[in-house]
Structure formats: C-alpha cells, structure tokens
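J.: For reference, the structure I am asking about is given below.
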Amino acid sequence: MDGGLARRNWLPCYVSGAVFAVCMAGTTLPTPLYSLYQDELGFSELTVTVVYAVYAFGVIGVLLLAGNASDAVGRRPVLLGGLGCAAASAVCFLGATALGWLFAGRLLSGLSAGLFTGAATAYVMELAPGKGSPRASLVATAANMGGLGCGPLLAGLLAQYAPWPLRLPFVVHLVLLAASAALLLGLPETVSRRRPLSTVRPRRPGLPPEVRAVFGPAALASFVGFALFGVFTSVSPAFLAQFLDVDNHALSGLIVALAFFASIAGQAAVGRIGEARSLPLGCAGLLGGLTLLACALWWHLLPLVVLSALLGGAGQGLAFRAALAQVAAASPADHRAAVISSLFVVAYTGISLPVIGVGILSGHIGLQDAGLVFIACMAVLVAYAGVYLLRRPGGVRV
C-alpha cells in the first residue's frame with residue numbers, strides 16, 4: 001500500500017518528465033535525416049552545420065530574452081508554448097520543399113528547447129515529493145538528455161524501416177506532442193503567485209568577481225562537451241556514410257543516441273563520485289572521447305566512433321552536472337540565475353560556432369581533416385581546464 005502511494009505521489013513528476021522528453025526529442029529528430037535532405041535539396045556540408053546551429057541561436061535568444069517567463073506567468077503556459085513551437089517545427093519539416101523550411105524548423109525547435117530548458121526542469125522538480133530531491137533532479141536530467149537521445153534513434157529507425165522517411169518521423173512526433181499537451185493540461189500549476197507577461201524582462205548574463213575562478217574551467221568544460229555533441233548530431237552521419245560506408249539510418253541514429261544516453265549515466269554518477277572530483281574526471285572523459293574520435297577519423301574504424309560516443313558522452317555528463325552545481329554554489333543568491341544563464345549561453349555557443357567552423361573547413365580541406373582540426377582545438381581547451389582544476393589551490397587530485 002505504501003509503495004503504491006509513493007508511486008502515485010511521484011506520478012506527476014514522471015509525467016512531466018515524459019512531456020519534457022517528447023519536446024527535447026524533436027530537437028534532434030532531423031539528425032539522421034540530413035543526408036536525405038542533402039540528396040533531395042542539394043546543399044553542402046557547410047549548409048548542414050548552419051541549419052543545425054540555427055537551433056542554438058533560438059535557445060540562446062529565449063534564455064536571454066524570456067528565460068524567467070515561467071516564474072511570472074506559470075510553468076504550464078510556457079510549456080504549452082514550447083510544445084506549440086515544437087509542433088510548428090515539425091510542420092516546417094513536413095513541408096520542407098526548400099532550404100528555408102529547414103531553417104525555420106530548426107529555429108522553432110530552438111525556441112521550443114529554450115522555453116522548456118528552465119521551465120520544465122523546475123516543473124519536474126516542483127511536482128516531485130519533497131521538491132528538489134536528488135531523485136527529482138535525476139528525472140529532469142534523464143528527461144532532457146534521454147529525449148535528446150531518443151530523437152535520432154526514433155527518426156533513424158523510421159527512416160530505415162518504414163515508408164516516407166522525411167515525413168513519418170515528424171507525423172509521429174506531432175502525435176506525441178498532442179498527447180503531451182493533453183497530459184500537461186491534466187497536471188497542476190506549481191507557480192501560485194502569477195504575474196502578467198509584461199513583467200518579464202530580458203535576463204542579462206552576469207558574472208560577479210567571486211564566481212570567476214570557478215566559472216572559467218566550468219565554462220570551458222561545458223563548451224567542449226556541448227561542442228562534441230554538436231559535431232555528433234550534425235556531421236557524424238555524413239562521416240559514417242562517406243568513410244565507413246554506413247548508410248543505415250537506424251545505426252547512425254543509434255550512435256548519436258549513445259552519446260546522450262552516456263551523458264545520463266555520467267550525470268547520475270556525480271552523486272556517488274562527488275562534484276569536486278566529477279569536473280576534472282569529466283574533462284578527462286571528454287579528452288578521451290575526443291582522442292577516440294580522432295583515431296576513428298584517422299583509421300576509419302566504427303568501433304572507435306561508438307567508444308568515443310560513450311566515453312565523451314559520459315565525460316560531458318560528469319563535467320556539465322558538476323559545473324552547474326559548482327557555479328550555482330559559488331554564486332551570490334541575487335546573481336545565481338544570471339550566472340547560470342551565462343553558463344548555458346556558453347554551452348549553447350559551444351553547440352553552434354565550432355560546428356559551423358567544421359562546416360566551413362570541410363569545404364576547403366575535407367570533412368576528415370576538418371574534424372581533426374576541431375578535435376585538436378577542443379582537446380587543448382578541455383586539457384587546459386582539467387590541468388587548471390587539478391593545480392588550483394584546493395584542487396582535487398584524481
């Protein structure tokens with residue numbers, strides 16, 4: 001009886017987590033389909049990376065301009081708006097007969113993720129018994145990263161084994177979004193004192209002096225981790241097809257999904273390892289993942305691509321959850337939201353600008369060499385962050 005009651009108490013938290021996962025799945029749904037769009041619309045690898053990166057600009061824009069909207073108008077209205085943007089994005093991809101539709105779809109996808117990132121995380125934790133428990137935090141983390149992983153996995157399976165590869169994944173996602181909206185309407189609102197939308201003000205990133213020593217390495221590790229995800233979700237299917245003769249969309253989607261699932265495992269491990277050790281260990285994992293990816297590019301070995309996704313994803317999970325926790329703990333209470341926004345802006349810059357750089361370089365020196373240049377640059381950044389963490393006063397040796 002007590003066990004059943006406990007499960008019922010946690011049910012709203014799990015349902016809101018499922019809604020979170022459905023929305024985030026839409027942001028990575030096109031990943032294994034880009035090669036099909038290239039064949040149909042005839043654009044270059046650079047265009048693929050720009051189409052992908054437009055998503056990050058949408059996320060950053062929402063975080064800066066309306067990241068605190070759900071604190072004012074309530075969680076459910078903002079999340080319903082996010083589901084609406086996700087549905088509009090799916091419609092754009094469904095009607096994609098020209099490149100402009102893809103840009104519009106990715107921008108709307110970024111807006112949906114920007115609306116969900118903060119509001120859904122808060123909502124999941126507020127709906128849990130004993131708000132803010134580690135278990136609730138893990139549900140939010142798993143919903144976010146798990147949704148990102150399920151997107152390419154679902155699209156790859158449908159594109160490979162079902163008809164209408166450029167249409168059916170988005171039809172399925174629209175159905176899931178409609179079901180999510182119905183579930184969301186059945187959940188309670190957790191913001192009791194709501195204010196008009198006109199009270200929402202742009203959130204300016206801030207960095208008080210006492211946070212800077214912690215923020216620097218945390219931001220570098222977050223930048224590299226998200227950049228690694230950016231490359232995996234934008235150009236890895238092209239590399240798999242060109243150099244490893246992997247034209248199975250389901251396999252391409254699975255490899256990308258593994259990086260996100262490994263990130264969940266890494267974030268879950270932070271509680272056991274401890275935040276102080278998790279950040280340098282995460283940097284080591286990212287460096288190992290980058291090294292394996294370089295070897296995979298050089299020797300054209302599929303197992304190394306898989307291992308790089310697993311190790312790099314786990315490193316990203318360790319580093320980002322620890323970075324977020326350390327930055328939040330070091331921030332003054334009246335600046336905490338602004339500092340955390342700054343960290344997310346750095347992270348989403350990492351998922352966009354380096355990816356565009358790879359696209360530009362690939363047009364001049366080829367995709368393989370462009371990937372190696374990217375890896376070298378990211379390896380220098382994350383190695384610097386890791387060494388700094390180990391050598392700074394009070395640093396933890398692992």
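Identifiers in the structure tokens: chain A, B, ... in order shown; residue index from 1 per chain; ligand index from 1 in order shown.
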Go through range 155-273 of chain A residue by residue and, counting only C-alpha atoms, keep those with an atom at most 12 Å from range 137-147 of chain A; for each kept residue give the shortest atom pair and its distance in Å to one decimal, ordered by chain and increasing number, as JSON lines.

T.:
```
{"residue": "A:His173", "atom": "CA", "partner": "A:Gly147", "partner_atom": "CA", "distance": 11.8}
{"residue": "A:Phe226", "atom": "CA", "partner": "A:Met145", "partner_atom": "CA", "distance": 11.8}
{"residue": "A:Phe229", "atom": "CA", "partner": "A:Met145", "partner_atom": "CA", "distance": 11.0}
{"residue": "A:Val256", "atom": "CA", "partner": "A:Gly146", "partner_atom": "CA", "distance": 11.7}
{"residue": "A:Ala257", "atom": "CA", "partner": "A:Gly146", "partner_atom": "CA", "distance": 8.4}
{"residue": "A:Leu258", "atom": "CA", "partner": "A:Gly146", "partner_atom": "CA", "distance": 9.7}
{"residue": "A:Ala259", "atom": "CA", "partner": "A:Met145", "partner_atom": "CA", "distance": 9.3}
{"residue": "A:Phe260", "atom": "CA", "partner": "A:Met145", "partner_atom": "CA", "distance": 5.5}
{"residue": "A:Phe261", "atom": "CA", "partner": "A:Gly146", "partner_atom": "CA", "distance": 6.1}
{"residue": "A:Ala262", "atom": "CA", "partner": "A:Met145", "partner_atom": "CA", "distance": 9.1}
{"residue": "A:Ser263", "atom": "CA", "partner": "A:Met145", "partner_atom": "CA", "distance": 7.0}
{"residue": "A:Ile264", "atom": "CA", "partner": "A:Ala142", "partner_atom": "CA", "distance": 5.7}
{"residue": "A:Ala265", "atom": "CA", "partner": "A:Ala142", "partner_atom": "CA", "distance": 8.8}
{"residue": "A:Gly266", "atom": "CA", "partner": "A:Thr141", "partner_atom": "CA", "distance": 10.5}
{"residue": "A:Gln267", "atom": "CA", "partner": "A:Thr141", "partner_atom": "CA", "distance": 7.6}
{"residue": "A:Ala268", "atom": "CA", "partner": "A:Leu138", "partner_atom": "CA", "distance": 6.6}
{"residue": "A:Ala269", "atom": "CA", "partner": "A:Leu138", "partner_atom": "CA", "distance": 10.2}
{"residue": "A:Val270", "atom": "CA", "partner": "A:Leu138", "partner_atom": "CA", "distance": 10.4}
{"residue": "A:Gly271", "atom": "CA", "partner": "A:Leu138", "partner_atom": "CA", "distance": 10.0}
```

J.: Can those selected residues be exported to a file as a compact mmCIF listing (two decimals), in the first residue's frame so that it contains all heavy atoms?

T.:
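The resulting file, selection14.txt, is reproduced below:
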```
# COMPACT_ATOMS: atom_id res chain seq x y z
N HIS A 173 6.00 12.49 -34.31
CA HIS A 173 6.31 13.48 -33.27
C HIS A 173 5.12 14.39 -33.01
O HIS A 173 4.84 14.75 -31.86
CB HIS A 173 7.53 14.32 -33.66
CG HIS A 173 8.07 15.13 -32.52
ND1 HIS A 173 8.32 16.48 -32.61
CD2 HIS A 173 8.37 14.77 -31.25
CE1 HIS A 173 8.76 16.91 -31.45
NE2 HIS A 173 8.81 15.90 -30.62
N PHE A 226 29.41 20.35 -25.05
CA PHE A 226 28.32 20.64 -25.97
C PHE A 226 28.82 20.71 -27.42
O PHE A 226 28.07 20.35 -28.34
CB PHE A 226 27.63 21.95 -25.57
CG PHE A 226 26.56 21.77 -24.53
CD1 PHE A 226 26.89 21.44 -23.23
CD2 PHE A 226 25.22 21.90 -24.84
CE1 PHE A 226 25.92 21.26 -22.25
CE2 PHE A 226 24.23 21.72 -23.89
CZ PHE A 226 24.58 21.39 -22.58
N PHE A 229 28.86 17.19 -28.64
CA PHE A 229 27.51 16.80 -29.00
C PHE A 229 27.08 17.43 -30.32
O PHE A 229 26.40 16.81 -31.13
CB PHE A 229 26.53 17.20 -27.90
CG PHE A 229 26.45 16.23 -26.75
CD1 PHE A 229 25.70 16.52 -25.63
CD2 PHE A 229 27.13 15.02 -26.78
CE1 PHE A 229 25.60 15.62 -24.57
CE2 PHE A 229 27.06 14.12 -25.73
CZ PHE A 229 26.29 14.43 -24.62
N VAL A 256 24.51 8.30 -32.41
CA VAL A 256 24.30 9.64 -31.84
C VAL A 256 23.56 9.51 -30.51
O VAL A 256 23.91 10.18 -29.52
CB VAL A 256 23.50 10.53 -32.81
CG1 VAL A 256 23.17 11.87 -32.16
CG2 VAL A 256 24.30 10.76 -34.09
N ALA A 257 22.55 8.64 -30.45
CA ALA A 257 21.77 8.48 -29.22
C ALA A 257 22.65 7.99 -28.07
O ALA A 257 22.45 8.39 -26.91
CB ALA A 257 20.63 7.50 -29.45
N LEU A 258 23.64 7.14 -28.37
CA LEU A 258 24.50 6.60 -27.32
C LEU A 258 25.23 7.70 -26.56
O LEU A 258 25.44 7.59 -25.35
CB LEU A 258 25.53 5.63 -27.93
CG LEU A 258 24.99 4.26 -28.38
CD1 LEU A 258 26.10 3.46 -29.05
CD2 LEU A 258 24.42 3.49 -27.20
N ALA A 259 25.63 8.77 -27.26
CA ALA A 259 26.32 9.87 -26.59
C ALA A 259 25.42 10.51 -25.54
O ALA A 259 25.85 10.82 -24.42
CB ALA A 259 26.78 10.90 -27.62
N PHE A 260 24.16 10.71 -25.87
CA PHE A 260 23.23 11.33 -24.93
C PHE A 260 22.88 10.38 -23.78
O PHE A 260 22.78 10.81 -22.62
CB PHE A 260 21.96 11.76 -25.66
CG PHE A 260 22.17 12.92 -26.59
CD1 PHE A 260 22.20 12.73 -27.97
CD2 PHE A 260 22.34 14.20 -26.11
CE1 PHE A 260 22.40 13.78 -28.83
CE2 PHE A 260 22.54 15.27 -26.96
CZ PHE A 260 22.58 15.07 -28.33
N PHE A 261 22.71 9.09 -24.08
CA PHE A 261 22.42 8.13 -23.01
C PHE A 261 23.61 8.01 -22.06
O PHE A 261 23.44 7.85 -20.84
CB PHE A 261 22.05 6.78 -23.60
CG PHE A 261 20.77 6.79 -24.41
CD1 PHE A 261 20.59 5.89 -25.46
CD2 PHE A 261 19.76 7.70 -24.14
CE1 PHE A 261 19.42 5.90 -26.20
CE2 PHE A 261 18.59 7.72 -24.88
CZ PHE A 261 18.41 6.82 -25.91
N ALA A 262 24.82 8.06 -22.62
CA ALA A 262 26.01 8.01 -21.77
C ALA A 262 26.10 9.25 -20.89
O ALA A 262 26.59 9.19 -19.75
CB ALA A 262 27.27 7.88 -22.64
N SER A 263 25.63 10.38 -21.40
CA SER A 263 25.61 11.61 -20.59
C SER A 263 24.71 11.44 -19.37
O SER A 263 25.04 11.91 -18.28
CB SER A 263 25.13 12.79 -21.44
OG SER A 263 25.02 13.96 -20.65
N ILE A 264 23.56 10.76 -19.54
CA ILE A 264 22.68 10.50 -18.40
C ILE A 264 23.43 9.69 -17.34
O ILE A 264 23.37 9.99 -16.14
CB ILE A 264 21.42 9.74 -18.84
CG1 ILE A 264 20.60 10.58 -19.83
CG2 ILE A 264 20.55 9.38 -17.63
CD1 ILE A 264 19.42 9.84 -20.43
N ALA A 265 24.15 8.66 -17.78
CA ALA A 265 24.91 7.83 -16.84
C ALA A 265 25.97 8.66 -16.13
O ALA A 265 26.17 8.52 -14.91
CB ALA A 265 25.56 6.66 -17.59
N GLY A 266 26.64 9.54 -16.87
CA GLY A 266 27.65 10.40 -16.27
C GLY A 266 27.05 11.33 -15.23
O GLY A 266 27.59 11.51 -14.13
N GLN A 267 25.91 11.94 -15.56
CA GLN A 267 25.27 12.84 -14.61
C GLN A 267 24.78 12.10 -13.38
O GLN A 267 24.85 12.61 -12.26
CB GLN A 267 24.13 13.58 -15.30
CG GLN A 267 24.62 14.53 -16.39
CD GLN A 267 23.55 15.49 -16.87
OE1 GLN A 267 22.77 16.00 -16.08
NE2 GLN A 267 23.52 15.75 -18.17
N ALA A 268 24.27 10.88 -13.57
CA ALA A 268 23.80 10.09 -12.43
C ALA A 268 24.96 9.71 -11.50
O ALA A 268 24.75 9.53 -10.29
CB ALA A 268 23.10 8.82 -12.93
N ALA A 269 26.17 9.60 -12.05
CA ALA A 269 27.33 9.19 -11.25
C ALA A 269 27.89 10.31 -10.39
O ALA A 269 28.68 10.05 -9.48
CB ALA A 269 28.43 8.64 -12.17
N VAL A 270 27.51 11.55 -10.67
CA VAL A 270 28.06 12.68 -9.92
C VAL A 270 27.77 12.55 -8.43
O VAL A 270 28.62 12.86 -7.59
CB VAL A 270 27.52 14.02 -10.47
CG1 VAL A 270 27.90 15.19 -9.56
CG2 VAL A 270 28.05 14.27 -11.87
N GLY A 271 26.57 12.07 -8.09
CA GLY A 271 26.22 11.94 -6.68
C GLY A 271 27.14 10.99 -5.94
O GLY A 271 27.44 11.19 -4.76
```

J.: Go through range 149-231 of chain A residue by residue and, counting only C-alpha atoms, keep those with an atom at most 9 Å from range 19-28 of chain A; for each kept residue give the shortest atom pair and its distance in Å to one decimal, ordered by chain and increasing number, as JSON lines.

T.:
```
{"residue": "A:Gly149", "atom": "CA", "partner": "A:Ala25", "partner_atom": "CA", "distance": 7.0}
{"residue": "A:Cys150", "atom": "CA", "partner": "A:Ala25", "partner_atom": "CA", "distance": 5.8}
{"residue": "A:Gly151", "atom": "CA", "partner": "A:Ala25", "partner_atom": "CA", "distance": 4.1}
{"residue": "A:Pro152", "atom": "CA", "partner": "A:Thr28", "partner_atom": "CA", "distance": 5.7}
{"residue": "A:Leu154", "atom": "CA", "partner": "A:Ala25", "partner_atom": "CA", "distance": 8.7}
{"residue": "A:Ala155", "atom": "CA", "partner": "A:Thr28", "partner_atom": "CA", "distance": 8.8}
{"residue": "A:Phe170", "atom": "CA", "partner": "A:Gly26", "partner_atom": "CA", "distance": 8.2}
{"residue": "A:His173", "atom": "CA", "partner": "A:Gly26", "partner_atom": "CA", "distance": 6.9}
{"residue": "A:Leu176", "atom": "CA", "partner": "A:Val22", "partner_atom": "CA", "distance": 6.8}
{"residue": "A:Leu177", "atom": "CA", "partner": "A:Val22", "partner_atom": "CA", "distance": 6.8}
{"residue": "A:Ala179", "atom": "CA", "partner": "A:Val19", "partner_atom": "CA", "distance": 8.7}
{"residue": "A:Ser180", "atom": "CA", "partner": "A:Val19", "partner_atom": "CA", "distance": 5.2}
{"residue": "A:Ala181", "atom": "CA", "partner": "A:Val19", "partner_atom": "CA", "distance": 7.9}
{"residue": "A:Leu183", "atom": "CA", "partner": "A:Val19", "partner_atom": "CA", "distance": 7.7}
{"residue": "A:Leu184", "atom": "CA", "partner": "A:Val19", "partner_atom": "CA", "distance": 7.3}
```

J.: Go ahead and write the selection's residues with N, CA and C atoms as a PDB file, in the first residue's frame.

T.:
```pdb
ATOM      1  N   GLY A 149      18.446  11.942 -26.850  1.00  0.00           N
ATOM      2  CA  GLY A 149      18.929  10.682 -27.414  1.00  0.00           C
ATOM      3  C   GLY A 149      17.869   9.931 -28.194  1.00  0.00           C
ATOM      4  N   CYS A 150      16.619  10.011 -27.728  1.00  0.00           N
ATOM      5  CA  CYS A 150      15.538   9.276 -28.405  1.00  0.00           C
ATOM      6  C   CYS A 150      15.197   9.877 -29.768  1.00  0.00           C
ATOM      7  N   GLY A 151      15.443  11.170 -29.971  1.00  0.00           N
ATOM      8  CA  GLY A 151      15.122  11.817 -31.243  1.00  0.00           C
ATOM      9  C   GLY A 151      15.792  11.150 -32.439  1.00  0.00           C
ATOM     10  N   PRO A 152      17.136  11.088 -32.474  1.00  0.00           N
ATOM     11  CA  PRO A 152      17.790  10.441 -33.623  1.00  0.00           C
ATOM     12  C   PRO A 152      17.524   8.945 -33.697  1.00  0.00           C
ATOM     13  N   LEU A 154      14.658   7.370 -32.852  1.00  0.00           N
ATOM     14  CA  LEU A 154      13.330   7.212 -33.445  1.00  0.00           C
ATOM     15  C   LEU A 154      13.351   7.525 -34.941  1.00  0.00           C
ATOM     16  N   ALA A 155      13.943   8.657 -35.308  1.00  0.00           N
ATOM     17  CA  ALA A 155      13.973   9.049 -36.720  1.00  0.00           C
ATOM     18  C   ALA A 155      14.766   8.060 -37.557  1.00  0.00           C
ATOM     19  N   PHE A 170       8.156  13.025 -38.380  1.00  0.00           N
ATOM     20  CA  PHE A 170       7.545  14.261 -37.885  1.00  0.00           C
ATOM     21  C   PHE A 170       6.044  14.090 -37.642  1.00  0.00           C
ATOM     22  N   HIS A 173       6.005  12.494 -34.313  1.00  0.00           N
ATOM     23  CA  HIS A 173       6.307  13.481 -33.273  1.00  0.00           C
ATOM     24  C   HIS A 173       5.116  14.388 -33.011  1.00  0.00           C
ATOM     25  N   LEU A 176       2.824  12.570 -30.725  1.00  0.00           N
ATOM     26  CA  LEU A 176       3.366  12.573 -29.367  1.00  0.00           C
ATOM     27  C   LEU A 176       3.211  13.943 -28.705  1.00  0.00           C
ATOM     28  N   LEU A 177       3.379  15.010 -29.473  1.00  0.00           N
ATOM     29  CA  LEU A 177       3.206  16.360 -28.931  1.00  0.00           C
ATOM     30  C   LEU A 177       1.756  16.607 -28.523  1.00  0.00           C
ATOM     31  N   ALA A 179      -0.400  14.325 -27.558  1.00  0.00           N
ATOM     32  CA  ALA A 179      -0.613  13.563 -26.319  1.00  0.00           C
ATOM     33  C   ALA A 179       0.049  14.269 -25.133  1.00  0.00           C
ATOM     34  N   SER A 180       1.222  14.856 -25.357  1.00  0.00           N
ATOM     35  CA  SER A 180       1.921  15.575 -24.291  1.00  0.00           C
ATOM     36  C   SER A 180       1.136  16.789 -23.825  1.00  0.00           C
ATOM     37  N   ALA A 181       0.542  17.511 -24.777  1.00  0.00           N
ATOM     38  CA  ALA A 181      -0.268  18.673 -24.408  1.00  0.00           C
ATOM     39  C   ALA A 181      -1.452  18.253 -23.554  1.00  0.00           C
ATOM     40  N   LEU A 183      -1.625  15.604 -21.588  1.00  0.00           N
ATOM     41  CA  LEU A 183      -1.101  15.246 -20.271  1.00  0.00           C
ATOM     42  C   LEU A 183      -0.758  16.484 -19.457  1.00  0.00           C
ATOM     43  N   LEU A 184      -0.156  17.459 -20.119  1.00  0.00           N
ATOM     44  CA  LEU A 184       0.243  18.680 -19.421  1.00  0.00           C
ATOM     45  C   LEU A 184      -0.965  19.420 -18.859  1.00  0.00           C
TER      46      LEU A 184
END
```

J.: Need to verify the contact set: Ala88 in chain A, 10 Å, only C-alpha atoms, exclusion of same-chain residues closer than 6 positions in sequence. Can you return it as a CSV table (one decimal) with N, CA and C atoms, in the first residue's frame?

T.:
```
chain,number,residue,atom,x,y,z
A,82,GLY,N,6.0,26.1,-25.6
A,82,GLY,CA,7.1,25.3,-26.1
A,82,GLY,C,6.6,24.1,-27.0
A,94,LEU,N,7.8,18.8,-42.2
A,94,LEU,CA,6.9,18.1,-43.1
A,94,LEU,C,6.7,18.7,-44.4
A,104,ALA,N,13.7,27.5,-40.8
A,104,ALA,CA,12.5,27.8,-40.0
A,104,ALA,C,12.2,26.7,-39.0
A,105,GLY,N,12.3,25.5,-39.4
A,105,GLY,CA,12.0,24.4,-38.5
A,105,GLY,C,13.1,24.3,-37.4
A,108,LEU,N,12.5,27.3,-34.9
A,108,LEU,CA,11.3,27.0,-34.0
A,108,LEU,C,11.7,25.9,-33.0
A,109,SER,N,12.5,24.9,-33.4
A,109,SER,CA,12.9,23.9,-32.5
A,109,SER,C,13.8,24.5,-31.4
A,112,SER,N,11.5,26.2,-28.9
A,112,SER,CA,10.8,25.2,-28.0
A,112,SER,C,11.8,24.7,-26.9
A,174,LEU,N,4.4,14.8,-34.0
A,174,LEU,CA,3.2,15.6,-33.9
A,174,LEU,C,2.2,14.9,-33.0
```

J.: List the spatial neighbours of range 316-327 of chain A as an MDAnalysis selection string - criterion: any atom at most 6 Å away, only C-alpha atoms, same-chain residues fewer than 3 positions off excluded.

T.: chainID A and resid 218 222 225 263 266:267 275 278:279 282 313 330

J.: Could you check how far CA of Gly315 in chain A sits from CA of Ala385 in chain A, in Å to one decimal?

T.: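 Going from CA of Gly315 in chain A over to CA of Ala385 in chain A, I get 13.2 Å.
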
J.: For Gly285 in chain A, which of A:Ala87, A:Ala379, A:Phe232, A:Gly95 is the closest residue, counting only C-alpha atoms?

T.: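 Comparing A:Ala87, A:Ala379, A:Phe232, A:Gly95 against Gly285 in chain A, the winner is A:Ala379.
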
J.: Using only C-alpha atoms, determine which residues lie at most 10 Å from Ala72 in chain A, disregarding the query and same-chain residues fewer than 2 positions distant; provide the list as a ChimeraX atom specification.

T.: /A:68-70,74-75,78,191-200

J.: Excluding range 54-65 of chain A and its own-chain neighbours fewer than 3 positions away, which residues fall within 9 Å of it when counting only C-alpha atoms? Please give them as number ranges by chain.

T.: A: 27, 49-51, 68-69, 103-115, 117-118, 200-205, 341-342, 344-345, 348-352

J.: For each of A:Ala66, A:Ser252, A:Gly100, A:Val73, take the minimum atom-to-atom distance to Leu33 in chain A, counting only C-alpha atoms, then give the residue where this is smallest.

T.: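 The closest residue to Leu33 in chain A is A:Ser252.
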
J.: DSSP on the backbone: which residues in range 163-215 of chain A end up as alpha helix (DSSP H)? Give the answer as a VMD selection string.

T.: chain A and resid 168 to 185 212 to 215

J.: For a quick check of understanding, using only C-alpha atoms, which of A:Pro32, A:Gly386, A:Gly81, A:Pro209 has the smallest distance to Val235 in chain A?

T.: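 Checking each candidate against Val235 in chain A, we get A:Pro32 as the closest.
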
J.: Could you work out how far CA of Leu79 in chain A lies from CA of Phe116 in chain A, giving the answer in Å with one decimal?

T.: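 Those two atoms sit 6.0 Å apart.
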